[in-house]
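Participant: One structure coming up, written as structure tokens, with questions to follow.
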Amino acid sequence: MTISHTILDAIGKTPLLDLGDGILAKCEFLNPSGSIKARIAKYMIEKAETEGLLKPGDTIVEATSGNTGNAMSMVAAIKGYRMIVVMPDGYTSERVKISRGLGAEIKFVGHFQVNDALRTAQELGAQPGYYCPQQFDNEWNVDENRDWLGQEVIAQIPETMRIDAVVQGVGTGGTLIGVSQALRQWHNDQIKVYAMEPKESRTLECCIVADHQIEGISDGFIPTIYQRHRHEIDDIVHVESETAIEVSKELARQRGLFVGPSSGANVWAAQEIKRRNPEIKTVLTFLCDKAEKYLSLMYS
Ligand code: PMP
């Protein structure tokens, strides 16, 4: 262990937890800012700096349902950029307070309408002195998840173990596409790739958009990254919001994993994949964020 100069050094190197019954869960809720999004925030902002798209004194503006906002606010605070988080109202107030606490300004647009937030962020981001990373569209999101998170998982898998399938809820699709590209390329070229979305809002499958409580995924439209890579997905698993919250609470009570609804949904989806496909022995999934971000939803 050496001295770190910023908390960005603490992103990554998260445990890969064996939950038993052939389910491995990557503990991304342990990242600084409390979610899986710390990695893309650091990666995309530093890439934009290297490419000369982001300069000292600039403002970063990004559309998000919360976690990317928290993560980018953290990176912007460390690097001295002004940060504007564009988000719909309706999501848990904790995420808003975290971004504000990290020094960001919040711009609200429509109720649960991430699509409106996207447009607003892009318009603002097109002005001189502003930069919009565009997580839903930018292939750097996929690159990070393949070359950092994906490679990290592969390095943690014992030589005697093979992962047969991967499942992850789709927000941008970046995690699922990037990690599965890594696994397919460097671990198991036969890997089965499952997207997870709420049962109430089957947006990826048949464009049904409805309210649900698995915040951070299924934001009401099919993200460009997912559209571009949908041929890399084998199937979609649907999980009810109530089940997602129930399983998340079980993970807390039975294993001390204080995680949000999408983590519970992922674990249930991994179990369901195994129930439906006995030939699948080992499934990788993700514990995406902390339950502290949902106290008002899950534990009030
Ligand atoms: N779970 C949570 C809680 C999230 O915030 C996100 C990202 N919005 C995801 C899952 C899905 O990640 P991705 O954007 O890489 O699809």
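Residues are named by chain letter and number: chains run A, B, ... in the order of the structure tokens, numbers start at 1 in each chain, and ligands are numbered from 1 in the order shown.
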Using DSSP on the backbone coordinates, identify the residues of region 129-243 of chain A assigned to strand (DSSP E); present them as a list in words.

Facilitator: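 The strand (DSSP E) subset of region 129-243 of chain A is Tyr130, Tyr131, Ala165, Val166, Val167, Gln168, Gly169, Lys192, Val193, Tyr194, Ala195, Met196, Glu197, Pro198, Asp235, Ile236, Val237, His238 and Val239 of chain A.
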
Participant: Give me, as number ranges by chain, the set of residues whose atoms come within 6 Å of any atom of ligand 1, counting only C-alpha atoms and all ligand atoms.

Facilitator: A: 67, 169-175, 215-217, 262, 288-289

Participant: With a distance cut-off of 9 Å and only C-alpha atoms, select the neighbouring residues of Asn145 (chain A), excluding the residue or stretch itself and same-chain residues fewer than 3 positions from it, and output the selection as an MDAnalysis selection string.

Facilitator: chainID A and resid 39:40 140:142 148:151 174:182

Participant: Quick one: everything within 8 Å of Val247 (chain A), counting only C-alpha atoms, minus sequence neighbours fewer than 4 positions away in the same chain. Send it as a list in words.

Facilitator: Thr243, Leu251, Pro261, Gly264, Ala265, Val267 and Trp268 of chain A

Participant: May I have the selected residues written with N, CA and C atoms, as a PDB file, in the first residue's frame?

Facilitator:
```pdb
ATOM      1  N   THR A 243     -39.831  -8.037  -6.595  1.00  0.00           N
ATOM      2  CA  THR A 243     -38.854  -9.117  -6.407  1.00  0.00           C
ATOM      3  C   THR A 243     -37.452  -8.537  -6.243  1.00  0.00           C
ATOM      4  N   LEU A 251     -30.260  -9.913   0.518  1.00  0.00           N
ATOM      5  CA  LEU A 251     -28.792  -9.830   0.433  1.00  0.00           C
ATOM      6  C   LEU A 251     -28.241  -9.058   1.628  1.00  0.00           C
ATOM      7  N   PRO A 261     -31.758  -1.893  -5.573  1.00  0.00           N
ATOM      8  CA  PRO A 261     -32.690  -2.802  -6.248  1.00  0.00           C
ATOM      9  C   PRO A 261     -32.116  -3.504  -7.488  1.00  0.00           C
ATOM     10  N   GLY A 264     -30.319  -6.689  -6.490  1.00  0.00           N
ATOM     11  CA  GLY A 264     -31.235  -7.786  -6.180  1.00  0.00           C
ATOM     12  C   GLY A 264     -31.816  -8.376  -7.448  1.00  0.00           C
ATOM     13  N   ALA A 265     -32.175  -7.502  -8.385  1.00  0.00           N
ATOM     14  CA  ALA A 265     -32.735  -7.962  -9.663  1.00  0.00           C
ATOM     15  C   ALA A 265     -31.709  -8.805 -10.420  1.00  0.00           C
ATOM     16  N   VAL A 267     -29.223 -10.587  -9.165  1.00  0.00           N
ATOM     17  CA  VAL A 267     -29.015 -11.885  -8.506  1.00  0.00           C
ATOM     18  C   VAL A 267     -30.199 -12.805  -8.806  1.00  0.00           C
ATOM     19  N   TRP A 268     -31.424 -12.267  -8.756  1.00  0.00           N
ATOM     20  CA  TRP A 268     -32.603 -13.080  -9.079  1.00  0.00           C
ATOM     21  C   TRP A 268     -32.506 -13.558 -10.540  1.00  0.00           C
TER      22      TRP A 268
END
```

Participant: Give me the residues within 8 Å of Ile84 (chain A) as number ranges by chain, counting only C-alpha atoms and dropping any in the same chain fewer than 2 places off.

Facilitator: A: 59-62, 82, 86, 104-107

Participant: Please return as a VMD selection string: the residues of region 3-87 of chain A that backbone DSSP assigns to helix (DSSP H, G or I).

Facilitator: chain A and resid 7 to 10 28 to 30 37 to 50 67 to 79

Participant: Env of Val259 (chain A): 7 Å cut, atoms = only C-alpha atoms, seq-sep filter 6 positions within chain, self excluded. Answer as a PyMOL selection string.

Facilitator: chain A and resi 248+252+287+289-291

Participant: For Val153 (chain A), find every residue with an atom within 12 Å (counting only C-alpha atoms), except residues of its own chain fewer than 5 positions away, and show them as a ChimeraX atom specification.

Facilitator: /A:12-17,24-28,145-148,158,162-163,166,178-180,182-183,186-187,284-286

Participant: Any chance you could export the current selection's N, CA and C atoms as a short mmCIF file (atom, residue, chain, number, x, y, z; two decimals), in the first residue's frame?

Facilitator:
```
data_model
loop_
_atom_site.label_atom_id
_atom_site.label_comp_id
_atom_site.auth_asym_id
_atom_site.auth_seq_id
_atom_site.Cartn_x
_atom_site.Cartn_y
_atom_site.Cartn_z
N GLY A 12 -12.14 0.56 -8.58
CA GLY A 12 -11.75 -0.75 -9.12
C GLY A 12 -11.18 -1.65 -8.04
N LYS A 13 -10.59 -2.77 -8.50
CA LYS A 13 -10.07 -3.81 -7.58
C LYS A 13 -11.14 -4.22 -6.58
N THR A 14 -12.37 -4.35 -7.05
CA THR A 14 -13.49 -4.75 -6.18
C THR A 14 -13.52 -6.27 -6.05
N PRO A 15 -14.01 -6.79 -4.92
CA PRO A 15 -14.07 -8.25 -4.77
C PRO A 15 -15.02 -8.90 -5.77
N LEU A 16 -14.65 -10.11 -6.20
CA LEU A 16 -15.57 -10.95 -6.97
C LEU A 16 -16.07 -12.00 -5.98
N LEU A 17 -17.34 -11.87 -5.62
CA LEU A 17 -17.88 -12.62 -4.49
C LEU A 17 -18.60 -13.88 -4.97
N LEU A 24 -21.53 -15.71 -9.27
CA LEU A 24 -20.44 -14.81 -8.87
C LEU A 24 -20.92 -13.37 -9.01
N ALA A 25 -20.67 -12.56 -7.99
CA ALA A 25 -21.15 -11.17 -8.02
C ALA A 25 -19.96 -10.21 -7.84
N LYS A 26 -19.81 -9.33 -8.80
CA LYS A 26 -18.72 -8.34 -8.72
C LYS A 26 -19.21 -7.14 -7.91
N CYS A 27 -18.47 -6.85 -6.84
CA CYS A 27 -18.95 -5.88 -5.83
C CYS A 27 -18.67 -4.43 -6.23
N GLU A 28 -19.37 -3.97 -7.24
CA GLU A 28 -19.13 -2.62 -7.74
C GLU A 28 -19.68 -1.51 -6.85
N ASN A 145 -15.53 -0.76 -20.02
CA ASN A 145 -16.06 -1.99 -19.41
C ASN A 145 -15.38 -3.24 -19.95
N ARG A 146 -14.91 -3.20 -21.19
CA ARG A 146 -14.17 -4.34 -21.75
C ARG A 146 -12.74 -4.37 -21.18
N ASP A 147 -12.05 -3.22 -21.24
CA ASP A 147 -10.62 -3.22 -20.97
C ASP A 147 -10.26 -3.06 -19.49
N TRP A 148 -11.20 -2.60 -18.68
CA TRP A 148 -10.91 -2.42 -17.24
C TRP A 148 -11.75 -3.38 -16.41
N PRO A 158 -10.49 -18.11 -11.07
CA PRO A 158 -9.47 -19.15 -10.96
C PRO A 158 -9.37 -19.94 -12.27
N ARG A 162 -14.95 -21.83 -15.10
CA ARG A 162 -15.36 -21.21 -16.35
C ARG A 162 -16.71 -20.52 -16.14
N ILE A 163 -16.80 -19.27 -16.57
CA ILE A 163 -18.08 -18.57 -16.50
C ILE A 163 -18.86 -18.90 -17.77
N VAL A 166 -23.38 -14.35 -18.43
CA VAL A 166 -23.28 -13.07 -17.72
C VAL A 166 -24.63 -12.38 -17.83
N GLY A 178 -19.63 -4.35 -22.73
CA GLY A 178 -18.17 -4.31 -22.56
C GLY A 178 -17.64 -5.55 -21.87
N VAL A 179 -18.25 -5.92 -20.75
CA VAL A 179 -17.75 -7.08 -19.99
C VAL A 179 -17.93 -8.35 -20.82
N SER A 180 -19.06 -8.49 -21.51
CA SER A 180 -19.27 -9.72 -22.29
C SER A 180 -18.30 -9.79 -23.48
N ALA A 182 -15.26 -8.75 -23.35
CA ALA A 182 -14.00 -9.23 -22.75
C ALA A 182 -14.07 -10.73 -22.50
N LEU A 183 -15.18 -11.17 -21.90
CA LEU A 183 -15.30 -12.60 -21.57
C LEU A 183 -15.27 -13.46 -22.83
N TRP A 186 -11.54 -13.26 -24.28
CA TRP A 186 -10.38 -13.74 -23.50
C TRP A 186 -10.70 -14.85 -22.49
N HIS A 187 -11.97 -15.27 -22.39
CA HIS A 187 -12.29 -16.27 -21.36
C HIS A 187 -13.07 -17.46 -21.91
N LEU A 284 -22.06 -14.90 -14.01
CA LEU A 284 -21.47 -13.67 -13.45
C LEU A 284 -22.53 -12.57 -13.45
N THR A 285 -22.63 -11.85 -12.33
CA THR A 285 -23.47 -10.66 -12.33
C THR A 285 -22.84 -9.57 -11.46
N PHE A 286 -23.58 -8.49 -11.23
CA PHE A 286 -22.98 -7.30 -10.61
C PHE A 286 -23.86 -6.77 -9.48
#
```

Participant: With only C-alpha atoms as the atoms that count, which of A:Arg230, A:Ile23, A:Gln113, A:Gly90 lies nearest to Val209 (chain A)?

Facilitator: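 Among the listed residues, the smallest separation from Val209 (chain A) belongs to A:Gln113.
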
Participant: Could you please determine the separation between CA of Gln254 (chain A) and CA of Phe29 (chain A) in Å, to one decimal place?

Facilitator: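 One can read the CA of Gln254 (chain A) to CA of Phe29 (chain A) distance as 17.2 Å.
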